[in-house]
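Asks: So here's input29.txt, just compact mmCIF, C-alpha atoms:
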# COMPACT_ATOMS: atom_id res chain seq x y z
CA MET D 1 61.64 75.05 126.19
CA SER D 2 61.08 78.15 124.13
CA GLY D 3 62.37 78.57 120.59
CA LYS D 4 64.56 81.46 121.65
CA ARG D 5 68.19 80.81 122.30
CA SER D 6 70.04 82.80 124.84
CA ARG D 7 72.97 84.38 123.13
CA LYS D 8 76.07 84.89 125.14
CA ARG D 9 78.34 87.66 124.09
CA GLN D 10 81.55 86.40 122.54
CA LEU D 11 84.70 87.08 124.46
CA PHE D 12 86.61 87.81 121.23
CA THR D 13 85.57 88.24 117.63
CA THR D 14 87.63 86.72 114.84
CA GLN D 15 88.87 90.21 114.03
CA ASP D 16 89.98 90.70 117.65
CA LEU D 17 91.91 87.44 117.58
CA VAL D 18 93.63 88.36 114.31
CA VAL D 19 94.67 91.75 115.72
CA LEU D 20 95.91 90.13 118.94
CA ALA D 21 97.87 87.51 116.98
CA LEU D 22 99.51 90.17 114.81
CA PHE D 23 100.53 92.23 117.84
CA ALA D 24 101.71 89.07 119.62
CA ALA D 25 104.00 88.34 116.68
CA LEU D 26 105.27 91.93 116.82
CA VAL D 27 106.00 91.63 120.54
CA ALA D 28 107.89 88.35 120.15
CA LEU D 29 109.80 89.37 117.04
CA SER D 30 110.66 92.83 118.38
CA LYS D 31 113.08 91.08 120.73
CA VAL D 32 115.01 89.75 117.71
CA VAL D 33 114.47 92.43 115.06
CA LEU D 34 114.59 95.63 117.11
CA ARG D 35 117.74 94.91 119.07
CA MET D 36 119.20 98.03 120.64
CA PRO D 37 122.79 97.66 121.86
CA LEU D 38 122.23 99.61 125.08
CA HIS D 39 123.49 96.86 127.42
CA VAL D 40 121.12 98.05 130.14
CA PRO D 41 118.65 95.63 131.76
CA GLY D 42 115.03 96.11 130.72
CA HIS D 43 115.74 98.33 127.70
CA SER D 44 113.65 96.08 125.45
CA GLY D 45 110.67 97.36 127.45
CA ILE D 46 110.71 100.51 125.32
CA THR D 47 109.49 98.65 122.24
CA TRP D 48 107.91 95.65 123.93
CA MET D 49 105.63 97.59 126.29
CA ALA D 50 104.70 100.06 123.55
CA ILE D 51 103.55 97.25 121.24
CA LEU D 52 101.78 95.45 124.08
CA LEU D 53 99.95 98.61 125.14
CA VAL D 54 98.86 99.41 121.58
CA GLY D 55 97.56 95.87 121.05
CA ARG D 56 95.68 95.86 124.35
CA GLY D 57 94.47 99.42 123.78
CA LEU D 58 93.01 98.54 120.38
CA VAL D 59 91.27 95.36 121.50
CA ARG D 60 89.46 96.68 124.55
CA ARG D 61 88.08 93.41 125.85
CA PRO D 62 88.66 91.54 129.09
CA TRP D 63 91.64 89.18 128.91
CA ALA D 64 92.96 90.71 125.65
CA GLY D 65 96.32 91.57 127.22
CA THR D 66 96.65 88.13 128.77
CA VAL D 67 95.89 86.44 125.43
CA LEU D 68 98.34 88.79 123.73
CA GLY D 69 101.05 87.96 126.27
CA PHE D 70 100.39 84.21 126.12
CA VAL D 71 100.46 84.03 122.31
CA SER D 72 103.59 86.19 122.10
CA GLY D 73 105.18 83.90 124.71
CA ILE D 74 104.43 80.81 122.66
CA ILE D 75 105.89 82.49 119.57
CA ALA D 76 108.94 83.55 121.59
CA VAL D 77 109.54 80.00 122.81
CA ALA D 78 109.53 78.83 119.19
CA VAL D 79 111.48 81.73 117.63
CA VAL D 80 113.45 83.68 120.22
CA GLY D 81 114.50 81.23 122.90
CA GLY D 82 116.33 82.20 126.05
CA ARG D 83 117.78 80.93 129.29
CA GLU D 84 114.26 80.20 130.59
CA GLY D 85 113.72 77.51 127.96
CA LEU D 86 110.13 76.35 127.69
CA LEU D 87 109.15 78.56 130.64
CA LEU D 88 109.91 81.69 128.58
CA TRP D 89 106.20 82.11 127.81
CA LEU D 90 105.60 83.07 131.45
CA LYS D 91 107.84 86.12 130.98
CA TYR D 92 105.49 87.27 128.21
CA LEU D 93 102.26 86.31 129.94
CA ALA D 94 102.88 88.43 133.07
CA PRO D 95 103.13 91.81 131.28
CA GLY D 96 99.99 91.00 129.29
CA ALA D 97 98.10 90.24 132.48
CA MET D 98 99.37 93.49 134.01
CA MET D 99 98.12 95.42 130.96
CA ASP D 100 94.70 93.86 131.55
CA LEU D 101 94.84 94.92 135.19
CA ALA D 102 95.88 98.46 134.22
CA ALA D 103 93.07 98.64 131.66
CA LEU D 104 90.57 97.44 134.24
CA MET D 105 91.73 99.84 136.94
CA SER D 106 91.87 102.80 134.53
CA ARG D 107 88.48 101.95 132.99
CA GLU D 108 90.09 101.32 129.61
CA HIS D 109 91.92 104.66 129.46
CA LEU D 110 95.20 103.23 128.18
CA GLY D 111 95.38 106.12 125.71
CA HIS D 112 96.13 108.55 128.55
CA PRO D 113 99.92 109.19 128.74
CA PHE D 114 100.14 108.87 132.54
CA VAL D 115 98.09 105.67 132.59
CA GLY D 116 100.17 104.28 129.73
CA ALA D 117 103.43 105.09 131.50
CA VAL D 118 102.27 103.47 134.74
CA ALA D 119 100.92 100.43 132.87
CA GLY D 120 104.20 100.04 130.97
CA ALA D 121 106.28 100.39 134.16
CA ILE D 122 104.19 97.80 136.02
CA ALA D 123 104.15 95.41 133.07
CA ASN D 124 107.92 95.61 132.54
CA ALA D 125 108.50 95.15 136.28
CA ALA D 126 106.23 92.08 136.13
CA LYS D 127 108.46 90.73 133.36
CA LEU D 128 111.48 91.14 135.65
CA VAL D 129 109.75 89.49 138.63
CA THR D 130 108.59 86.58 136.47
CA SER D 131 112.08 86.15 135.04
CA LEU D 132 113.48 86.15 138.58
CA LEU D 133 110.96 83.53 139.76
CA VAL D 134 111.63 81.31 136.73
CA SER D 135 115.38 81.62 137.32
CA LEU D 136 114.92 80.62 140.95
CA ALA D 137 112.78 77.66 139.89
CA LEU D 138 115.51 76.60 137.47
CA GLY D 139 118.14 76.74 140.21
CA VAL D 140 120.11 79.87 139.30
CA PRO D 141 122.13 80.90 142.40
CA THR D 142 120.27 83.59 144.36
CA GLY D 143 123.42 85.59 145.13
CA TYR D 144 123.95 86.10 141.42
CA LEU D 145 120.34 87.23 140.98
CA ALA D 146 120.29 89.61 143.94
CA LEU D 147 123.52 91.30 142.86
CA GLY D 148 121.98 93.43 140.14
CA LEU D 149 118.36 93.43 141.22
CA GLY D 150 118.16 97.02 142.47
CA LEU D 151 119.55 98.60 139.30
CA SER D 152 117.67 96.14 137.13
CA ALA D 153 114.34 96.89 138.82
CA THR D 154 114.89 100.62 138.39
CA THR D 155 115.79 100.36 134.70
CA HIS D 156 112.88 98.00 134.03
CA VAL D 157 110.46 100.50 135.54
CA VAL D 158 111.98 103.46 133.66
CA PHE D 159 112.12 101.72 130.27
CA GLY D 160 108.67 100.23 130.79
CA ALA D 161 107.22 103.66 131.58
CA LEU D 162 108.89 105.11 128.49
CA GLY D 163 107.51 102.27 126.37
CA GLY D 164 104.03 102.73 127.84
CA TRP D 165 104.14 106.45 127.14
CA LEU D 166 105.26 105.84 123.54
CA GLY D 167 102.52 103.24 123.21
CA THR D 168 99.88 105.81 124.17
CA LEU D 169 101.16 108.15 121.47
CA VAL D 170 100.90 105.40 118.84
CA LEU D 171 97.50 104.29 120.15
CA ARG D 172 96.11 107.82 119.92
CA LEU D 173 97.47 108.18 116.39
CA LEU D 174 95.99 104.84 115.28
CA ARG D 175 92.59 105.78 116.67
CA ARG D 176 92.60 108.92 114.49
CA VAL D 177 93.81 107.30 111.25
CA ASP D 178 91.17 106.64 108.61
CA VAL D 179 91.75 102.90 108.09
CA PRO D 180 88.53 100.82 107.90
CA LEU D 181 89.92 97.98 110.05
CA LEU D 182 90.99 100.40 112.76
CA GLN D 183 87.73 102.35 112.72
CA THR D 184 86.01 99.52 114.56
CA TYR D 185 88.52 99.98 117.35
CA ALA D 186 88.53 103.79 117.26
CA ARG D 187 85.24 104.42 119.05
CA GLU D 188 85.70 105.06 122.75
CA GLU D 189 82.03 104.43 123.51
CA ASP D 190 82.30 100.81 122.36
CA VAL D 191 84.17 99.84 125.51
CA PRO D 192 82.57 96.64 126.86
As a first step, turn the structure in this file into structure tokens.

Replies:
Amino acid sequence: MSGKRSRKRQLFTTQDLVVLALFAALVALSKVVLRMPLHVPGHSGITWMAILLVGRGLVRRPWAGTVLGFVSGIIAVAVVGGREGLLLWLKYLAPGAMMDLAALMSREHLGHPFVGAVAGAIANAAKLVTSLLVSLALGVPTGYLALGLGLSATTHVVFGALGGWLGTLVLRLLRRVDVPLLQTYAREEDVP
């Protein structure tokens, strides 16, 4: 055996994991801290999808959105709570996975307003679908769920798109700011 070791590229650096954890905390706590009394289903997607898109847009690595969604889901189970109980983390995981899919399909162009809006809409709709599936698994009557599904799906898509679009604006701004920590994430050519 030769003295050379084959080095595999790390999936995430320590810095990536710290950034993902910070954004995961922001996603989970935004549900509690940034409450908007709109009383419209899916309105939390404005802030939630914006934060999720910025976090995934900064850490441009495979599975970053999924990790971000999973960690924010675990934090939400501990801090936020909800009718889903311990299955609440699934409602956070799905949008993160959709952000990864959007990043993959757009070749990491989450900073483009149209791509961000579409990513936010799909991610917020995934949150709704996951919530619906968890509710069905928990035995919530289907008639009750189907009653407001059309309006709820529409508002989730609209608020998600708005959140994704706002996220692209913040992401573009952060990439231009002269902060040493963010400069590592500012270079477009570093996309893996």

Asks: Calculate how many Å separate CA of Gly148 in chain D from CA of Thr130 in chain D, rounding to one decimal.

Replies: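 Going from CA of Gly148 in chain D over to CA of Thr130 in chain D, I get 15.5 Å.
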
Asks: Can you measure CA of Ala161 in chain D to CA of Gly116 in chain D for me? One decimal in Å is fine.

Replies: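 Taking CA of Ala161 in chain D and CA of Gly116 in chain D, their separation equals 7.3 Å.
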
Asks: May I have the protein, DNA and RNA residues with an atom at most 10 Å from (102.3, 87.5, 116.9), counting only C-alpha atoms in the file's coordinates, returned as a ChimeraX atom specification?

Replies: /D:18-29,68-76

Asks: Output C-alpha atoms for every residue in that selection, as a PDB file, keeping the file's coordinate frame.

Replies:
ATOM      1  CA  VAL D  18      93.630  88.360 114.310  1.00  0.00           C
ATOM      2  CA  VAL D  19      94.670  91.750 115.720  1.00  0.00           C
ATOM      3  CA  LEU D  20      95.910  90.130 118.940  1.00  0.00           C
ATOM      4  CA  ALA D  21      97.870  87.510 116.980  1.00  0.00           C
ATOM      5  CA  LEU D  22      99.510  90.170 114.810  1.00  0.00           C
ATOM      6  CA  PHE D  23     100.530  92.230 117.840  1.00  0.00           C
ATOM      7  CA  ALA D  24     101.710  89.070 119.620  1.00  0.00           C
ATOM      8  CA  ALA D  25     104.000  88.340 116.680  1.00  0.00           C
ATOM      9  CA  LEU D  26     105.270  91.930 116.820  1.00  0.00           C
ATOM     10  CA  VAL D  27     106.000  91.630 120.540  1.00  0.00           C
ATOM     11  CA  ALA D  28     107.890  88.350 120.150  1.00  0.00           C
ATOM     12  CA  LEU D  29     109.800  89.370 117.040  1.00  0.00           C
ATOM     13  CA  LEU D  68      98.340  88.790 123.730  1.00  0.00           C
ATOM     14  CA  GLY D  69     101.050  87.960 126.270  1.00  0.00           C
ATOM     15  CA  PHE D  70     100.390  84.210 126.120  1.00  0.00           C
ATOM     16  CA  VAL D  71     100.460  84.030 122.310  1.00  0.00           C
ATOM     17  CA  SER D  72     103.590  86.190 122.100  1.00  0.00           C
ATOM     18  CA  GLY D  73     105.180  83.900 124.710  1.00  0.00           C
ATOM     19  CA  ILE D  74     104.430  80.810 122.660  1.00  0.00           C
ATOM     20  CA  ILE D  75     105.890  82.490 119.570  1.00  0.00           C
ATOM     21  CA  ALA D  76     108.940  83.550 121.590  1.00  0.00           C
TER      22      ALA D  76
END

Asks: Using all atoms listed in the file, which residue out of D:Gly57, D:Gly164, D:Pro95, D:Pro37 lies closest to Ala123 in chain D?

Replies: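 Among D:Gly57, D:Gly164, D:Pro95, D:Pro37, it is D:Pro95 that comes nearest to Ala123 in chain D.
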
Asks: Have a look at CA of Trp63 in chain D and CA of Asp100 in chain D and let me know their distance in Å, one decimal.

Replies: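 Computing it gives 6.2 Å between the two atoms.
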
Asks: Got a sec: who's within 10 Å of Arg172 in chain D, counting only C-alpha atoms, leaving out chain neighbours fewer than 6 positions off, as a ChimeraX atom specification?

Replies: /D:54,57-58,110-113,186

Asks: Enclose the full set of atoms of range 61-77 of chain D listed in the file within a box whose edges lie along x, y and z, apply 8 Å of padding to each of the six sides, and report centre and edge lengths in Å to one decimal as AutoDock Vina command-line options.

Replies:
--center_x 98.8 --center_y 86.7 --center_z 124.3 --size_x 37.5 --size_y 29.4 --size_z 25.5

Asks: With all atoms listed in the file as the basis for distance, which of D:Ala50, D:Leu151, D:Val67, D:Val134 is at the shortest distance from Gly167 in chain D?

Replies: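 For Gly167 in chain D, the nearest of the candidates is D:Ala50.
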
Asks: I need the residue nearest Arg56 in chain D from this list: D:Leu169, D:Leu149, D:Met105, D:Met99. Use only C-alpha atoms for the distance.

Replies: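 Of D:Leu169, D:Leu149, D:Met105, D:Met99, the one nearest Arg56 in chain D is D:Met99, counting only C-alpha atoms.
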